[in-house]
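What follows is a single structure, written as structure tokens, with notes after it.
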Amino acid sequence: MPLIEVHDIQKAYAGRTVVDGVSFGVEEGEIFGILGPNGAGKTTTVECVEGLRVPDAGRVRVAGLDPVADHDRLTRILGAQLQESELPAKLTVREALELYAAFYPDPADWRELAERLRLTDKLDSRFGKLSGGQKQRLFIALGLVGNPKVVVLDELTTGLDPRARRDTWELIEDVRDRGVTVLLVTHFMEEAQRLCDRIAVIDKGRVAALDSPAGLISRAANSTVMSFTPSAPLDESALAALPAVTSVQQRDGRYTLNGTDETVDAAITLLARHHITAHQLRVADATLDDAFLDLTGATA
């Protein structure tokens with residue numbers, strides 16, 4: 001049985017449906033990602049998992065607990081880093097970590113968390129004086145300080161610089177390796193591709209796809225992208241007629257072809273036949289971003 005069960009939940013605000021029959025299960029010890037355009041219903045879905053929202057219909061269970069009816073019991077095993085949070089401006093980082101640790105019978109070592117999240121030199125700083133990235137790192141620490149069995153992370157690394165983002169990814173991988181189940185909402189494709197075992201793509205309140213990152217990428221219409229600058233003029237219509245090609249773009253004399261491996265082979269044969277050299281040839285596989293665009297027609 002999945003550790004997190006979401007079955008056919010629905011939620012509407014002022015007559016507008018924002019979650020419309022979402023279902024998925026999260027296995028114990030996996031990092032499960034939720035992707036979707038802005039307004040797709042991602043945050044409302046995870047707030048139902050956390051017990052912060054009551055679905056209008058459907059069923060949610062976390063470790064067998066009803067997030068609403070069993071909320072007190074759920075808070076002992078579930079940690080959360082919300083998309084938007086605040087603390088009293090005069091509260092120091094040390095006081096916040098000590099306070100949250102005191103809520104739990106067996107908390108994590110908050111000093112270790114502070115070190116991993118590069119907050120040690122900010123322990124005596126007041127919350128109101130922290131930068132946006134520092135606040136984000138503090139909320140991640142507060143979500144993990146209770147040694148949760150499940151942690152929900154909504155926009156985990158928004159506002160973090162590249163180094164802090166990668167440090168945080170390593171921390172989340174360590175947390176998963178210790179057996180914690182992670183439900184991750186993100187719009188960073190690189191983050192989802194690196195961290196997630198499986199991903200649900202939510203679009204217009206429904207699950208548009210659910211698969212591993214590799215499985216989602218394999219669904220991309222353009223599985224291979226080839227780009228090059230030809231050594232001599234080239235007939236664009238000949239490129240457009242290549243097998244499995246889906247688009248041909250030319251900019252400043254450089255061509256980009258979207259298609260498959262068959263397209264690449266045929267393009268190289270075509271160039272060789274006309275004694276044309278492909279300068280700065282690049283061939284790349286599709287990315288999770290490509291798959292996302294194909295599934296939703298939007299950006300994250």
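Chains: A, B, ... in order of the structure tokens. Residues: from 1 per chain. Ligands: from 1, in order shown.
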- Extract the full set of alpha helix (DSSP H) residues from region 111-227 of chain A according to DSSP on the backbone, and format it as JSON, numbers by chain. {"A": [111, 112, 113, 114, 115, 116, 132, 133, 134, 135, 136, 137, 138, 139, 140, 141, 142, 143, 144, 162, 163, 164, 165, 166, 167, 168, 169, 170, 171, 172, 173, 174, 175, 176, 177, 189, 190, 191, 192, 193, 194, 195, 213, 214, 215, 216, 217, 218]}
- Message: What's around Ala57 (chain A) at 9 Å? Count only C-alpha atoms, leave out sequence neighbours fewer than 3 positions away in its own chain, and write the answer as an MDAnalysis selection string.
- Response: chainID A and resid 8:11 21 54
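Picture a line from CA of Arg163 (chain A) to CA of Arg198 (chain A); it runs 24.7 Å.
The protein and nucleic acid residues lying at most 7 Å from region 87-95 of chain A are Leu97, Glu98, Leu99, Lys122, Leu123, Asp124, Ser125, Arg126, Phe127 and Gly128 of chain A, with only C-alpha atoms considered and sequence neighbours fewer than 2 positions away removed.
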- Task: Name the residues of region 126-255 of chain A that fall into strand (DSSP E) according to DSSP on the backbone, using the chain letters and numbers of this document, as a ChimeraX atom specification.
- Result: /A:150-154,181-185,198-203,206-211,224-230,247-251,254-255
Residue subset to file, keeping N, CA and C atoms, as a CSV table (one decimal), in the first residue's frame:
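Result saved to part_23.csv:
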chain,number,residue,atom,x,y,z
A,150,VAL,N,7.5,11.7,6.5
A,150,VAL,CA,7.1,12.2,5.2
A,150,VAL,C,7.4,13.7,5.2
A,151,VAL,N,7.9,14.3,4.1
A,151,VAL,CA,8.1,15.7,4.1
A,151,VAL,C,7.6,16.2,2.8
A,152,VAL,N,6.8,17.3,2.8
A,152,VAL,CA,6.3,18.0,1.7
A,152,VAL,C,7.0,19.3,1.4
A,153,LEU,N,7.6,19.4,0.2
A,153,LEU,CA,8.4,20.6,-0.1
A,153,LEU,C,7.8,21.3,-1.3
A,154,ASP,N,7.3,22.5,-1.1
A,154,ASP,CA,6.6,23.2,-2.2
A,154,ASP,C,7.5,24.3,-2.7
A,181,THR,N,10.1,9.8,3.0
A,181,THR,CA,9.4,9.9,1.7
A,181,THR,C,9.2,11.4,1.5
A,182,VAL,N,9.5,11.8,0.2
A,182,VAL,CA,9.5,13.2,-0.1
A,182,VAL,C,8.4,13.5,-1.2
A,183,LEU,N,7.5,14.4,-0.9
A,183,LEU,CA,6.6,14.9,-2.0
A,183,LEU,C,7.1,16.3,-2.3
A,184,LEU,N,7.5,16.5,-3.6
A,184,LEU,CA,8.2,17.7,-4.0
A,184,LEU,C,7.4,18.4,-5.1
A,185,VAL,N,7.0,19.6,-4.9
A,185,VAL,CA,6.4,20.5,-5.9
A,185,VAL,C,7.5,21.4,-6.4
A,198,ARG,N,9.6,9.4,-9.5
A,198,ARG,CA,8.4,9.5,-10.4
A,198,ARG,C,7.9,10.9,-10.3
A,199,ILE,N,7.1,11.3,-11.3
A,199,ILE,CA,6.6,12.7,-11.4
A,199,ILE,C,5.1,12.6,-11.9
A,200,ALA,N,4.3,13.3,-11.3
A,200,ALA,CA,2.9,13.6,-11.8
A,200,ALA,C,2.9,15.0,-12.4
A,201,VAL,N,2.5,15.0,-13.7
A,201,VAL,CA,2.3,16.3,-14.3
A,201,VAL,C,0.8,16.7,-14.2
A,202,ILE,N,0.6,17.8,-13.5
A,202,ILE,CA,-0.8,18.2,-13.3
A,202,ILE,C,-1.1,19.4,-14.2
A,203,ASP,N,-2.1,19.4,-15.0
A,203,ASP,CA,-2.5,20.4,-15.9
A,203,ASP,C,-4.0,20.6,-15.8
A,206,ARG,N,-6.0,18.3,-13.5
A,206,ARG,CA,-6.0,16.9,-13.7
A,206,ARG,C,-4.5,16.4,-13.9
A,207,VAL,N,-4.4,15.1,-13.7
A,207,VAL,CA,-3.1,14.4,-13.9
A,207,VAL,C,-2.9,14.2,-15.4
A,208,ALA,N,-2.0,14.9,-16.1
A,208,ALA,CA,-1.8,14.7,-17.5
A,208,ALA,C,-0.9,13.5,-17.8
A,209,ALA,N,0.0,13.2,-16.9
A,209,ALA,CA,0.9,12.1,-17.0
A,209,ALA,C,1.5,11.8,-15.7
A,210,LEU,N,1.9,10.5,-15.5
A,210,LEU,CA,2.5,10.0,-14.3
A,210,LEU,C,3.5,9.0,-14.7
A,211,ASP,N,4.8,9.3,-14.5
A,211,ASP,CA,5.9,8.3,-14.9
A,211,ASP,C,7.2,8.7,-14.3
A,224,THR,N,15.0,14.0,-30.3
A,224,THR,CA,16.4,14.3,-30.6
A,224,THR,C,16.4,15.7,-31.3
A,225,VAL,N,17.4,16.5,-30.9
A,225,VAL,CA,17.6,17.8,-31.4
A,225,VAL,C,19.0,17.9,-32.0
A,226,MET,N,19.1,18.3,-33.3
A,226,MET,CA,20.3,18.4,-34.0
A,226,MET,C,20.5,19.8,-34.5
A,227,SER,N,21.7,20.4,-34.3
A,227,SER,CA,22.0,21.7,-34.8
A,227,SER,C,23.4,21.8,-35.4
A,228,PHE,N,23.5,22.6,-36.4
A,228,PHE,CA,24.8,22.7,-37.1
A,228,PHE,C,24.8,24.0,-38.0
A,229,THR,N,26.0,24.4,-38.4
A,229,THR,CA,26.1,25.4,-39.4
A,229,THR,C,26.7,24.8,-40.7
A,230,PRO,N,26.0,24.8,-41.8
A,230,PRO,CA,26.5,24.2,-43.0
A,230,PRO,C,27.7,25.0,-43.7
A,247,SER,N,10.4,19.7,-37.1
A,247,SER,CA,10.5,21.1,-37.4
A,247,SER,C,11.9,21.4,-37.8
A,248,VAL,N,12.1,22.4,-38.6
A,248,VAL,CA,13.4,22.9,-39.1
A,248,VAL,C,13.4,24.4,-38.8
A,249,GLN,N,14.4,24.9,-38.1
A,249,GLN,CA,14.6,26.3,-37.9
A,249,GLN,C,16.0,26.8,-38.3
A,250,GLN,N,16.0,28.0,-38.9
A,250,GLN,CA,17.3,28.5,-39.3
A,250,GLN,C,17.4,29.9,-38.8
A,251,ARG,N,18.6,30.2,-38.1
A,251,ARG,CA,18.8,31.5,-37.6
A,251,ARG,C,20.3,31.8,-37.7
A,254,ARG,N,22.5,29.1,-39.0
A,254,ARG,CA,22.6,27.9,-38.2
A,254,ARG,C,21.2,27.2,-38.2
A,255,TYR,N,21.2,25.9,-38.5
A,255,TYR,CA,20.0,25.1,-38.6
A,255,TYR,C,19.8,24.3,-37.3
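Nearest-residue note for Ser85 (chain A): choosing from A:Leu242, A:Ala272, A:Leu117, A:Ile140, the minimum distance belongs to A:Ile140, counting only C-alpha atoms.
Proximity ranking of A:Phe139, A:Leu52, A:Tyr104, A:Thr120 relative to Glu86 (chain A) places A:Phe139 first, based on only C-alpha atoms.
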- With only C-alpha atoms as the basis for distance, which of A:Arg166, A:Lys149, A:Lys42, A:Arg118 is at the shortest distance from Arg137 (chain A)? A:Arg118
- Task: Find the residues near region 280-292 of chain A: any atom within 10 Å, counting only C-alpha atoms, skip ones fewer than 5 places away on the same chain, and give them as a ChimeraX atom specification.
- Result: /A:35-37,187-190,192-193,201,208-209,213-230,254-261,264,297-300
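Candidate residues A:Val145, A:Gly133, A:Tyr100, A:Thr186 were compared for distance to Val46 (chain A), and the nearest is A:Thr186, using only C-alpha atoms.
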- Task: Work out how far apart CA of Gln83 (chain A) and CA of Gly179 (chain A) are and give it in Å to one decimal.
- Result: 23.7 Å
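Computed from the coordinates, the CA of Thr17 (chain A) to CA of Gly33 (chain A) distance equals 22.1 Å.
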- Task: For Pro148 (chain A), please output as number ranges by chain all residues within 10 Å (counting only C-alpha atoms; exclusion window: fewer than 6 positions along the same chain).
- Result: A: 74-80, 104, 106-108, 175, 179-182
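Comparing the minimum interatomic distances between Leu295 (chain A) and each of A:Arg59, A:Arg53, A:Lys204, A:His274, counting only C-alpha atoms, we find that A:Lys204 sits nearest.
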- Closest of A:Val22, A:Ile276, A:Leu160, A:Ile31 to Leu195 (chain A) - atom-to-atom distances counting only C-alpha atoms: A:Ile31
